[in-house]
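Structure file input.txt (compact mmCIF, C-alpha atoms) is printed below.
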```
# COMPACT_ATOMS: atom_id res chain seq x y z
CA MET A 1 34.47 -0.21 2.19
CA ASN A 2 34.05 -3.94 1.42
CA TYR A 3 30.25 -3.92 1.58
CA SER A 4 27.41 -3.20 -0.85
CA ALA A 5 23.69 -3.07 -0.06
CA ILE A 6 21.14 -5.26 -1.83
CA ILE A 7 17.39 -4.56 -1.82
CA LEU A 8 15.26 -7.49 -2.97
CA ALA A 9 12.26 -6.03 -4.75
CA GLY A 10 11.35 -8.52 -7.45
CA GLY A 11 9.14 -10.98 -5.58
CA LYS A 12 5.44 -11.70 -6.01
CA SER A 13 3.02 -9.68 -3.86
CA SER A 14 -0.25 -11.65 -3.94
CA ARG A 15 -1.09 -10.89 -0.30
CA MET A 16 -0.39 -7.19 -0.79
CA LYS A 17 -2.61 -7.17 -3.91
CA TYR A 18 -0.13 -4.91 -5.72
CA ASN A 19 3.62 -4.76 -6.27
CA LYS A 20 5.36 -4.00 -2.98
CA GLU A 21 7.75 -1.65 -4.76
CA TYR A 22 4.80 0.76 -4.90
CA ILE A 23 4.09 0.79 -1.17
CA LYS A 24 3.96 4.43 -0.08
CA VAL A 25 4.59 5.81 3.39
CA ASN A 26 3.90 9.53 3.84
CA ASP A 27 3.66 10.00 0.03
CA THR A 28 7.10 8.45 -0.55
CA PHE A 29 7.72 5.02 -2.02
CA LEU A 30 9.06 2.82 0.76
CA VAL A 31 11.82 1.36 -1.43
CA HIS A 32 12.94 4.87 -2.43
CA ASN A 33 13.21 5.81 1.22
CA GLN A 34 15.30 2.69 1.81
CA ILE A 35 17.69 3.76 -0.94
CA THR A 36 18.05 7.23 0.56
CA LEU A 37 18.82 5.85 4.02
CA LEU A 38 21.24 3.18 2.82
CA SER A 39 23.11 5.72 0.71
CA SER A 40 24.43 7.26 3.92
CA ILE A 41 26.43 4.06 4.56
CA PHE A 42 26.92 2.29 1.23
CA ASP A 43 28.53 3.58 -1.96
CA GLU A 44 26.99 0.79 -4.00
CA ILE A 45 23.30 -0.10 -3.79
CA ILE A 46 21.86 -2.92 -5.88
CA VAL A 47 18.10 -3.32 -6.40
CA VAL A 48 16.88 -6.67 -7.71
CA SER A 49 13.78 -5.82 -9.74
CA PRO A 50 12.39 -6.02 -13.28
CA ASN A 51 11.06 -2.45 -12.97
CA ILE A 52 14.11 -0.43 -14.00
CA ASP A 53 12.19 2.82 -14.59
CA HIS A 54 11.06 2.90 -10.95
CA TYR A 55 14.64 3.74 -9.95
CA SER A 56 15.65 6.14 -12.73
CA ASP A 57 16.10 9.05 -10.29
CA PHE A 58 18.52 7.16 -8.06
CA ASN A 59 22.17 6.21 -8.34
CA VAL A 60 21.59 2.49 -7.98
CA LYS A 61 22.33 -0.64 -9.97
CA VAL A 62 19.13 -2.43 -11.01
CA VAL A 63 19.39 -6.10 -11.93
CA GLN A 64 16.89 -8.86 -12.66
CA ASP A 65 16.61 -12.47 -11.57
CA ILE A 66 18.87 -14.83 -13.49
CA LEU A 67 17.67 -18.17 -12.18
CA PRO A 68 14.05 -19.24 -12.77
CA GLY A 69 11.62 -19.37 -9.85
CA SER A 70 10.16 -17.10 -7.19
CA THR A 71 12.16 -17.71 -3.99
CA PRO A 72 14.05 -14.74 -2.46
CA LEU A 73 17.22 -16.83 -2.84
CA ILE A 74 17.04 -16.23 -6.59
CA GLY A 75 17.01 -12.48 -6.02
CA LEU A 76 19.89 -12.77 -3.57
CA HIS A 77 21.83 -14.74 -6.20
CA SER A 78 21.45 -11.96 -8.81
CA GLY A 79 22.31 -9.22 -6.32
CA LEU A 80 25.47 -10.95 -5.14
CA LEU A 81 26.65 -11.53 -8.71
CA ALA A 82 26.21 -7.82 -9.45
CA SER A 83 28.20 -6.64 -6.43
CA THR A 84 31.69 -5.19 -6.87
CA ASN A 85 32.37 -5.77 -3.17
CA PRO A 86 32.99 -9.14 -1.49
CA TYR A 87 30.18 -8.75 1.08
CA CYS A 88 26.62 -7.44 0.92
CA TYR A 89 24.06 -6.24 3.43
CA VAL A 90 20.63 -7.55 2.34
CA ILE A 91 17.13 -6.26 3.03
CA ALA A 92 13.69 -6.67 1.41
CA CYS A 93 11.75 -3.77 -0.10
CA ASP A 94 8.82 -4.32 2.30
CA MET A 95 10.85 -3.71 5.49
CA PRO A 96 10.13 -0.11 6.56
CA TYR A 97 12.24 0.20 9.70
CA ILE A 98 15.86 0.40 8.60
CA ASN A 99 18.15 0.80 11.61
CA LEU A 100 21.40 2.38 10.47
CA ASP A 101 23.04 1.82 13.85
CA TYR A 102 22.32 -1.89 13.60
CA ILE A 103 23.77 -2.06 10.09
CA LYS A 104 26.95 -0.46 11.37
CA TYR A 105 26.98 -2.95 14.23
CA LEU A 106 26.65 -5.83 11.77
CA ILE A 107 29.57 -4.57 9.71
CA LYS A 108 31.67 -4.06 12.83
CA THR A 109 30.80 -7.54 14.13
CA HIS A 110 31.18 -9.41 10.83
CA LYS A 111 34.12 -11.85 10.90
CA LEU A 112 34.23 -12.32 7.13
CA LYS A 113 32.27 -15.56 7.20
CA GLU A 114 29.77 -16.54 4.51
CA ALA A 115 26.90 -15.05 6.50
CA LEU A 116 26.06 -13.00 9.57
CA VAL A 117 22.42 -13.33 10.60
CA THR A 118 20.33 -12.63 13.70
CA MET A 119 18.22 -14.86 15.93
CA ASN A 120 14.83 -13.25 16.59
CA ASN A 121 11.93 -14.85 18.47
CA GLY A 122 13.64 -18.21 18.12
CA PHE A 123 14.05 -17.95 14.34
CA ILE A 124 16.96 -16.96 12.12
CA GLU A 125 16.20 -13.75 10.23
CA PRO A 126 17.36 -14.01 6.58
CA PHE A 127 17.18 -10.22 6.09
CA ASN A 128 18.96 -7.44 7.92
CA ALA A 129 21.93 -9.72 7.34
CA ILE A 130 25.30 -9.88 5.60
CA TYR A 131 26.28 -12.42 2.94
CA SER A 132 29.47 -13.18 1.03
CA THR A 133 29.42 -12.95 -2.76
CA ASN A 134 31.20 -16.32 -2.79
CA ILE A 135 27.97 -18.17 -1.99
CA THR A 136 26.35 -17.79 -5.45
CA SER A 137 27.40 -21.31 -6.43
CA ASN A 138 25.99 -22.55 -3.10
CA ILE A 139 22.62 -21.02 -4.06
CA GLU A 140 22.73 -22.61 -7.52
CA ASN A 141 23.49 -26.04 -6.07
CA PHE A 142 20.84 -25.67 -3.35
CA ILE A 143 18.10 -24.71 -5.83
CA SER A 144 19.14 -27.45 -8.27
CA THR A 145 18.12 -29.99 -5.62
CA MET A 146 14.60 -28.45 -5.63
CA LYS A 147 15.10 -26.80 -2.25
CA TYR A 148 14.01 -23.18 -1.78
CA GLY A 149 13.74 -22.37 1.93
CA PHE A 150 15.88 -19.37 2.87
CA GLN A 151 16.41 -20.49 6.46
CA THR A 152 17.26 -24.02 5.36
CA PHE A 153 19.84 -22.57 2.98
CA ILE A 154 21.36 -20.44 5.74
CA SER A 155 21.86 -23.59 7.83
CA THR A 156 24.27 -24.86 5.15
CA LEU A 157 26.57 -21.81 5.34
CA ASP A 158 29.63 -21.00 7.42
CA LYS A 159 27.99 -18.31 9.52
CA ASP A 160 27.79 -16.36 12.74
CA ILE A 161 24.44 -15.87 14.46
CA LEU A 162 23.84 -12.84 16.64
CA SER A 163 21.80 -13.71 19.70
CA GLU A 164 18.55 -12.04 20.69
CA LYS A 165 20.41 -10.50 23.62
CA GLU A 166 22.92 -8.86 21.23
CA SER A 167 20.15 -7.32 19.10
CA SER A 168 17.89 -6.35 22.02
CA ASN A 169 19.30 -2.82 22.21
CA PHE A 170 18.20 -2.15 18.62
CA ASN A 171 14.45 -2.91 19.01
CA PRO A 172 14.32 -6.13 16.92
CA LYS A 173 10.52 -6.29 17.20
CA ILE A 174 10.37 -3.25 14.91
CA MET A 175 13.57 -3.75 12.94
CA PHE A 176 12.57 -7.10 11.43
CA LYS A 177 8.95 -6.20 10.72
CA ASN A 178 7.79 -6.32 7.11
CA ILE A 179 4.67 -5.21 5.27
CA ASN A 180 2.81 -8.21 3.82
CA THR A 181 -0.69 -6.78 3.42
CA GLU A 182 -2.50 -3.47 3.23
CA SER A 183 -3.64 -4.25 6.78
CA ASP A 184 0.00 -4.21 7.87
CA LEU A 185 0.46 -0.87 6.12
CA ILE A 186 -2.53 0.70 7.86
CA GLU A 187 -1.65 -0.83 11.22
CA ASN A 188 1.90 0.49 11.13
CA PHE A 189 1.51 3.86 9.44
CA ASN A 190 -2.02 5.15 9.96
CA GLU A 191 -2.62 6.61 13.39
CA PHE A 192 -6.30 7.29 12.64
CA ALA A 193 -7.33 3.74 11.74
CA PRO A 194 -5.21 0.99 13.28
CA ILE A 195 -6.43 -2.43 12.20
CA THR A 196 -6.13 -3.78 15.75
CA GLN A 197 -5.93 -2.16 19.17
CA SER A 198 -4.36 -3.53 22.34
CA PHE A 199 -6.25 -3.78 25.63
CA ASN A 200 -5.22 -5.10 29.01
CA ILE A 201 -7.64 -7.85 29.93
CA THR A 202 -8.15 -10.35 32.74
CA LYS A 203 -7.84 -13.92 31.52
CA VAL A 204 -9.33 -16.84 33.41
CA GLN A 205 -7.97 -20.23 32.45
CA GLN A 206 -8.83 -23.27 34.55
CA ASN A 207 -7.90 -22.14 38.08
CA GLU A 208 -5.57 -19.31 37.04
CA ILE A 209 -6.41 -15.61 36.81
CA TYR A 210 -3.92 -13.25 35.21
CA SER A 211 -3.65 -10.03 33.18
CA ILE A 212 -2.42 -9.94 29.58
CA ASP A 213 -2.40 -7.47 26.68
CA ASP A 214 -4.82 -8.67 24.00
CA ASN A 215 -5.23 -7.43 20.42
CA VAL A 216 -8.82 -6.60 19.47
CA ILE A 217 -10.07 -5.88 15.95
CA THR A 218 -11.01 -2.25 15.19
CA GLU A 219 -14.61 -1.44 14.26
CA PHE A 220 -14.19 1.68 12.13
CA PRO A 221 -17.13 4.00 11.24
CA LEU A 222 -16.88 5.35 7.68
CA LYS A 223 -19.39 7.88 6.33
CA LEU A 224 -20.03 7.42 2.62
CA PHE A 225 -20.95 10.59 0.72
CA ILE A 226 -22.21 10.23 -2.85
CA ASN A 227 -22.24 13.44 -4.90
CA GLY A 228 -22.11 15.41 -1.65
CA THR A 229 -25.04 13.55 -0.03
CA LEU A 230 -24.49 11.34 3.00
CA TYR A 231 -25.59 7.91 1.77
CA SER A 232 -24.61 5.56 4.58
CA LEU A 233 -22.52 4.96 7.67
CA ILE A 234 -20.56 1.74 7.27
CA MET A 235 -19.02 -0.06 10.23
CA MET A 236 -16.00 -1.92 8.92
CA SER A 237 -12.43 -3.03 9.39
CA PRO A 238 -10.15 -0.29 8.00
CA THR A 239 -8.45 -2.45 5.35
CA ASP A 240 -8.96 -2.61 1.57
CA ILE A 241 -11.25 0.39 1.97
CA GLU A 242 -11.20 1.51 -1.65
CA VAL A 243 -12.21 -1.85 -3.12
CA MET A 244 -14.85 -2.30 -0.41
CA ILE A 245 -16.46 1.02 -1.37
CA ILE A 246 -16.37 0.05 -5.06
CA GLY A 247 -17.95 -3.33 -4.30
CA TYR A 248 -20.50 -1.75 -1.97
CA LEU A 249 -21.61 0.71 -4.68
CA HIS A 250 -21.90 -2.16 -7.15
CA SER A 251 -23.91 -4.31 -4.72
CA HIS A 252 -26.26 -1.38 -4.12
CA LEU A 253 -26.82 -1.05 -7.90
CA LEU A 254 -25.36 2.47 -7.88
CA ILE A 255 -22.68 1.59 -10.46
CA SER A 256 -22.24 -1.18 -13.02
CA LYS A 257 -18.59 -0.58 -13.95
CA MET A 258 -15.50 1.22 -12.64
CA SER A 259 -15.81 4.11 -15.10
CA ASP A 260 -19.11 5.12 -13.46
CA ILE A 261 -16.99 6.47 -10.57
CA THR A 262 -15.36 9.78 -11.57
CA HIS A 263 -13.88 10.57 -8.14
CA LEU A 264 -13.17 8.63 -4.97
CA ASN A 265 -11.35 10.03 -1.94
CA ILE A 266 -10.88 8.45 1.48
CA ASP A 267 -10.09 10.63 4.50
CA LEU A 268 -9.44 8.36 7.48
CA LYS A 269 -8.91 11.26 9.86
CA ALA A 270 -12.40 12.60 9.06
CA LYS A 271 -13.79 9.05 8.83
CA ARG A 272 -15.40 9.74 5.47
CA CYS A 273 -15.28 8.68 1.86
CA ASP A 274 -16.41 11.01 -0.94
CA VAL A 275 -17.53 9.47 -4.21
CA LYS A 276 -18.70 11.22 -7.35
CA ILE A 277 -20.90 9.33 -9.78
CA ASP A 278 -21.93 11.35 -12.83
CA SER A 279 -24.76 9.08 -13.93
CA LEU A 280 -26.36 7.58 -10.84
CA LYS A 281 -28.43 4.47 -11.50
CA LYS A 282 -31.12 5.65 -9.08
CA ASP A 283 -32.22 8.73 -7.15
CA ILE A 284 -30.71 9.00 -3.66
CA SER A 285 -31.82 12.55 -2.84
CA ASP A 286 -34.63 11.49 -0.48
CA LYS A 287 -32.90 8.40 0.84
CA ARG A 288 -32.94 7.85 4.59
CA ILE A 289 -29.42 7.25 5.86
CA ASP A 290 -28.51 3.57 6.24
CA ILE A 291 -26.38 2.51 9.17
CA ILE A 292 -24.67 -0.67 8.03
CA SER A 293 -23.49 -2.45 11.13
CA SER A 294 -21.01 -5.29 11.27
CA ALA A 295 -23.85 -7.64 12.19
CA CYS A 296 -25.78 -9.81 9.72
CA THR A 297 -28.07 -7.15 8.22
CA ARG A 298 -29.45 -7.01 4.70
CA THR A 299 -27.10 -4.68 2.86
CA ILE A 300 -28.36 -4.73 -0.73
CA PRO A 301 -31.58 -3.38 -2.22
CA ASP A 302 -34.66 -5.47 -2.95
CA ILE A 303 -35.00 -6.36 -6.63
CA LYS A 304 -37.79 -7.90 -8.70
CA ASP A 305 -37.58 -11.54 -9.78
CA ASP A 306 -37.37 -10.49 -13.43
CA ASP A 307 -34.24 -8.46 -12.65
CA LEU A 308 -32.35 -11.20 -10.84
CA PRO A 309 -28.77 -11.42 -12.17
CA ILE A 310 -28.47 -14.94 -13.64
CA VAL A 311 -24.83 -16.06 -13.95
CA ALA A 312 -24.60 -17.20 -17.55
CA ASN A 313 -21.73 -19.68 -17.63
CA ASN A 314 -21.25 -23.40 -17.21
CA HIS A 315 -17.62 -23.68 -16.12
CA VAL A 316 -16.79 -26.93 -14.30
CA PHE A 317 -14.62 -26.75 -11.16
CA ASP A 318 -12.42 -29.55 -9.85
CA LEU A 319 -13.47 -30.69 -6.36
CA LYS A 320 -9.96 -31.75 -5.34
CA SER A 321 -8.63 -28.30 -6.20
CA ILE A 322 -11.45 -26.68 -4.21
CA GLN A 323 -10.67 -28.81 -1.17
CA LYS A 324 -6.98 -27.99 -1.44
CA ASN A 325 -7.76 -24.25 -1.52
CA VAL A 326 -10.13 -24.61 1.43
CA GLY A 327 -7.31 -26.22 3.39
CA MET A 328 -5.01 -23.30 2.59
CA PHE A 329 -7.79 -20.82 3.40
CA ASN A 330 -8.17 -22.26 6.88
CA LYS A 331 -4.53 -21.42 7.62
CA GLU A 332 -4.36 -17.95 6.03
CA SER A 333 -6.36 -15.62 8.24
CA ILE A 334 -3.72 -13.91 10.35
CA LEU A 335 -6.19 -11.35 11.71
CA PHE A 336 -8.56 -14.09 12.86
CA LYS A 337 -5.74 -15.93 14.61
CA GLU A 338 -4.69 -12.68 16.28
CA THR A 339 -8.12 -11.36 17.29
CA GLY A 340 -10.78 -14.01 16.61
CA GLY A 341 -12.99 -11.13 15.44
CA VAL A 342 -13.13 -11.14 11.63
CA HIS A 343 -14.69 -12.91 8.69
CA SER A 344 -12.50 -13.96 5.79
CA VAL A 345 -13.20 -14.31 2.07
CA SER A 346 -10.66 -15.70 -0.38
CA PHE A 347 -10.98 -14.92 -4.10
CA ILE A 348 -9.60 -17.85 -6.12
CA TYR A 349 -8.42 -17.10 -9.64
CA ASP A 350 -5.63 -17.98 -12.06
CA ASN A 351 -4.08 -20.49 -9.62
CA LYS A 352 -3.75 -17.93 -6.84
CA ASP A 353 -5.85 -16.52 -4.05
CA ILE A 354 -6.39 -13.05 -2.61
CA LEU A 355 -7.59 -12.88 1.00
CA PHE A 356 -9.92 -10.18 2.29
CA GLU A 357 -10.95 -9.77 5.93
CA ASP A 358 -13.46 -7.64 7.80
CA ILE A 359 -15.58 -7.56 10.94
CA GLY A 360 -18.58 -7.90 8.59
CA ARG A 361 -18.91 -10.81 6.17
CA HIS A 362 -20.87 -8.58 3.78
CA ASN A 363 -18.00 -6.09 3.77
CA ALA A 364 -15.50 -8.86 3.05
CA VAL A 365 -17.50 -9.98 0.01
CA ASP A 366 -17.85 -6.35 -1.15
CA LYS A 367 -14.05 -6.11 -1.02
CA VAL A 368 -13.82 -9.05 -3.41
CA CYS A 369 -16.38 -7.48 -5.76
CA GLY A 370 -14.55 -4.16 -5.69
CA TYR A 371 -11.23 -5.87 -6.39
CA ILE A 372 -12.77 -7.64 -9.41
CA LEU A 373 -14.19 -4.39 -10.79
CA LYS A 374 -11.08 -2.33 -10.18
CA ASN A 375 -8.81 -4.89 -11.84
CA LYS A 376 -11.26 -5.73 -14.67
CA ILE A 377 -11.15 -9.45 -13.89
CA THR A 378 -13.49 -11.80 -15.76
CA THR A 379 -15.30 -14.17 -13.42
CA LEU A 380 -16.05 -17.14 -15.71
CA ASP A 381 -13.81 -19.62 -13.85
CA LYS A 382 -13.40 -17.81 -10.54
CA TYR A 383 -14.92 -18.47 -7.13
CA ILE A 384 -14.87 -17.37 -3.50
CA ILE A 385 -14.35 -19.21 -0.22
CA THR A 386 -15.94 -17.62 2.83
CA SER A 387 -15.69 -18.31 6.54
CA GLY A 388 -19.26 -17.20 7.25
CA ARG A 389 -22.79 -18.38 6.58
CA ILE A 390 -23.99 -17.94 2.97
CA SER A 391 -27.10 -15.79 3.24
CA SER A 392 -29.22 -14.67 0.27
CA ASP A 393 -27.68 -11.21 0.17
CA ILE A 394 -24.17 -12.72 0.07
CA LEU A 395 -25.32 -14.86 -2.87
CA LEU A 396 -26.75 -11.84 -4.67
CA LYS A 397 -23.54 -9.86 -4.25
CA ALA A 398 -21.72 -12.72 -5.96
CA ALA A 399 -24.38 -12.94 -8.66
CA PHE A 400 -24.19 -9.23 -9.45
CA ILE A 401 -20.46 -9.57 -10.16
CA GLY A 402 -20.86 -12.89 -12.02
CA ILE A 403 -19.22 -15.36 -9.60
CA PRO A 404 -20.49 -18.91 -10.41
CA LEU A 405 -19.34 -20.73 -7.24
CA ILE A 406 -19.43 -19.93 -3.51
CA VAL A 407 -17.74 -22.22 -0.99
CA SER A 408 -18.15 -21.88 2.77
CA ARG A 409 -16.95 -23.59 5.93
CA SER A 410 -20.44 -22.85 7.25
CA ALA A 411 -24.01 -23.35 6.00
CA PRO A 412 -26.26 -21.66 3.45
CA THR A 413 -29.82 -20.58 4.21
CA ALA A 414 -32.87 -22.14 2.53
CA LEU A 415 -33.50 -18.95 0.52
CA THR A 416 -29.89 -18.98 -0.63
CA ILE A 417 -30.26 -22.48 -2.06
CA LYS A 418 -33.49 -21.57 -3.89
CA LEU A 419 -31.91 -18.43 -5.34
CA ALA A 420 -28.71 -20.25 -6.30
CA LYS A 421 -30.68 -22.71 -8.42
CA LYS A 422 -32.42 -19.81 -10.18
CA LEU A 423 -29.21 -17.83 -10.70
CA ASN A 424 -27.06 -20.75 -11.92
CA ILE A 425 -24.64 -20.56 -8.97
CA CYS A 426 -23.12 -23.59 -7.30
CA VAL A 427 -23.21 -23.40 -3.49
CA ILE A 428 -20.95 -25.60 -1.36
CA GLY A 429 -21.20 -25.57 2.43
CA PHE A 430 -19.49 -27.24 5.37
CA ALA A 431 -16.25 -27.49 3.37
CA ARG A 432 -13.97 -29.03 5.96
CA GLY A 433 -11.18 -31.47 5.26
CA ASN A 434 -12.37 -34.00 2.70
CA LYS A 435 -16.06 -33.30 3.37
CA VAL A 436 -18.36 -30.91 1.48
CA ASN A 437 -22.10 -30.45 1.04
CA ILE A 438 -23.13 -29.42 -2.49
CA TYR A 439 -26.48 -27.64 -2.34
CA SER A 440 -27.07 -26.50 -5.93
CA ASN A 441 -25.89 -26.91 -9.52
CA ILE A 442 -23.80 -30.01 -8.91
CA GLU A 443 -23.06 -30.18 -12.66
CA LYS A 444 -20.50 -27.40 -12.09
CA ILE A 445 -18.34 -29.74 -9.98
CA LYS A 446 -16.05 -32.46 -11.34
CA MET A 447 -15.51 -35.24 -8.81
CA THR A 448 -12.65 -37.70 -9.20
CA PHE A 449 -11.76 -40.22 -6.49
```
Can the structure from this file be put into structure tokens for me?
Amino acid sequence: MNYSAIILAGGKSSRMKYNKEYIKVNDTFLVHNQITLLSSIFDEIIVVSPNIDHYSDFNVKVVQDILPGSTPLIGLHSGLLASTNPYCYVIACDMPYINLDYIKYLIKTHKLKEALVTMNNGFIEPFNAIYSTNITSNIENFISTMKYGFQTFISTLDKDILSEKESSNFNPKIMFKNINTESDLIENFNEFAPITQSFNITKVQQNEIYSIDDNVITEFPLKLFINGTLYSLIMMSPTDIEVMIIGYLHSHLLISKMSDITHLNIDLKAKRCDVKIDSLKKDISDKRIDIISSACTRTIPDIKDDDLPIVANNHVFDLKSIQKNVGMFNKESILFKETGGVHSVSFIYDNKDILFEDIGRHNAVDKVCGYILKNKITTLDKYIITSGRISSDILLKAAFIGIPLIVSRSAPTALTIKLAKKLNICVIGFARGNKVNIYSNIEKIKMTF
């Protein structure tokens, strides 16, 4: 056989929040399942990854990137150089729906050109494709000109393009799907808590009336049990559940660090989360059950003025960088674009951002706090951008975790501004385009024009 298989697994996974090589479906690593399936067709499988030990139980060749950078083209370059066959089928490690019949169809159809790719929804798909090993120098030359786009590179090759009609019998809607976020993982593989649900609705637009299928965000009820006692019922979006619970416990002053939690288990089928905390910070035995809705309710306990968590740092943030990140934030929320029913919070740190979304803006901030605790991230020079109003309880959640700056597309409340000045937190509202309103601690912002 003149074909090898290449799995690209070495890319960054900032949206997934962990390395995509460790995505599990039904207790099996997705990339391991890919290897098993591809082994039924290919004698040689090449995985491009720096994590050699992750593949020690498989008969595969593991290679690392040779060229510097982070584009998938660099991984393709290393995989093609490692192949002992003249042509390679290529897929990414976050594509769960391998269609063996389609791979066989590709091989049968391939006319030994530099590439065989598929047109899907009007775009050329770079994966689920075949490439010649002779194009490694093409990749080197392309990247040397500071170009990195995969589809742009494909346009330079001698190629065949399969039409959407040719691939229609192989369910391309599923076949080319990939897992970019934990939301995607839940939506595709958890029958008990889909992130969105489809409903047939009647749409009225100008003088037209018609029926369409519309995706609506899921409002998921999760019972939180602490040491066997039902503590609260949280209405939430079923994504990033673990970090939301961690952040929620921290915001409620039940824990101060990750090690306070000795056990945490989420059962989506039963709609419950069980947490064990050996040394609870307060007595919850007589607590009346809270129902935390997705609406704007106060979701943290009252505290005395003397116990307010003052953020003790004076880091200065660059306004131009903030505005740039706000611009990116406005384009990132896929769930909002799809459903219009979520709040978004972006955690900005170390020149990258992690996006969290939920039907409740409090939940979204708790997800950030939980992520910080779980990953032991220092918050000295970090900040959050939120789509919703900055209320006092949102400010306090940030203060508890030590975040010195909150940026919003919306407005703060009067109490928020008063508290921010006390707690040494800079609050920026109405961050849109080149405009911002700075409500407190302006000394934390460097402005250059």
Checklist entry - Between CA of Ile66 (chain A) and CA of Ile154 (chain A), what is the distance, to one decimal in Å? => result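 These two atoms are separated by 20.2 Å.
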Next on the checklist: as a PyMOL selection string, please: the residues near region 193-197 of chain A (cut-off 12 Å, all atoms listed in the file, same-chain neighbours under 5 positions excluded).
Outcome noted: chain A and resi 181-188+213-222+236-241+266-272+334-336+338-342+357-359
Next on the checklist: Which residues are near Pro404 (chain A)? Cut-off 9 Å, all atoms listed in the file, ignore same chain within fewer than 4 positions. Put them as a PyMOL selection string.
Outcome noted: chain A and resi 311-315+379-383+398-399+423-427+444
Save the residues we just selected, C-alpha atoms, as an mmCIF file, keeping the file's coordinate frame?
```
data_model
loop_
_atom_site.group_PDB
_atom_site.id
_atom_site.type_symbol
_atom_site.label_atom_id
_atom_site.label_comp_id
_atom_site.auth_asym_id
_atom_site.auth_seq_id
_atom_site.Cartn_x
_atom_site.Cartn_y
_atom_site.Cartn_z
ATOM 1 C CA VAL A 311 -24.830 -16.060 -13.950
ATOM 2 C CA ALA A 312 -24.600 -17.200 -17.550
ATOM 3 C CA ASN A 313 -21.730 -19.680 -17.630
ATOM 4 C CA ASN A 314 -21.250 -23.400 -17.210
ATOM 5 C CA HIS A 315 -17.620 -23.680 -16.120
ATOM 6 C CA THR A 379 -15.300 -14.170 -13.420
ATOM 7 C CA LEU A 380 -16.050 -17.140 -15.710
ATOM 8 C CA ASP A 381 -13.810 -19.620 -13.850
ATOM 9 C CA LYS A 382 -13.400 -17.810 -10.540
ATOM 10 C CA TYR A 383 -14.920 -18.470 -7.130
ATOM 11 C CA ALA A 398 -21.720 -12.720 -5.960
ATOM 12 C CA ALA A 399 -24.380 -12.940 -8.660
ATOM 13 C CA LEU A 423 -29.210 -17.830 -10.700
ATOM 14 C CA ASN A 424 -27.060 -20.750 -11.920
ATOM 15 C CA ILE A 425 -24.640 -20.560 -8.970
ATOM 16 C CA CYS A 426 -23.120 -23.590 -7.300
ATOM 17 C CA VAL A 427 -23.210 -23.400 -3.490
ATOM 18 C CA LYS A 444 -20.500 -27.400 -12.090
#
```
Item to check | From A:Ile384, A:Leu81, A:Ile6, A:Leu373, residue lying nearest Gly247 (chain A) [only C-alpha atoms] | outcome: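 The closest residue to Gly247 (chain A) is A:Leu373.
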Item to check | Expected answer as JSON, numbers by chain: all residues with atoms within 12 Å of (-6.8, -30.0, -7.1), all atoms listed in the file | outcome: {"A": [317, 318, 319, 320, 321, 322, 323, 324, 325, 326, 327, 328, 351, 434, 445, 446, 447, 448, 449]}
Next on the checklist: Between CA of Thr416 (chain A) and CA of Ser387 (chain A), what is the distance in Å, rounded to a tenth?
Outcome noted: 15.9 Å
Next on the checklist: Rounded to one decimal, what separation in Å do you get between CA of Lys418 (chain A) and CA of Arg389 (chain A)?
Outcome noted: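 Atom-to-atom, CA of Lys418 (chain A) and CA of Arg389 (chain A) are spaced 15.3 Å apart.
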Checklist entry - Given the choices A:Tyr349, A:Tyr248, A:Tyr55, A:Phe189, which gets closest to Lys397 (chain A) if the distance is worked out from all atoms listed in the file? => result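 Under the stated criterion, the closest residue is A:Tyr248.
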Checklist entry - If we count all atoms listed in the file, what is near region 24-32 of chain A at a cut-off of 10 Å, once residues fewer than 5 positions away on the same chain are taken out, given as a list in words? => result Ile7, Leu8, Ala9, Leu37, Leu38, Val47, His54, Tyr55, Asp57, Phe58, Ala92, Cys93, Asp94, Met95, Pro96, Tyr97, Leu185, Ile186, Asn188, Phe189 and Asn190 of chain A
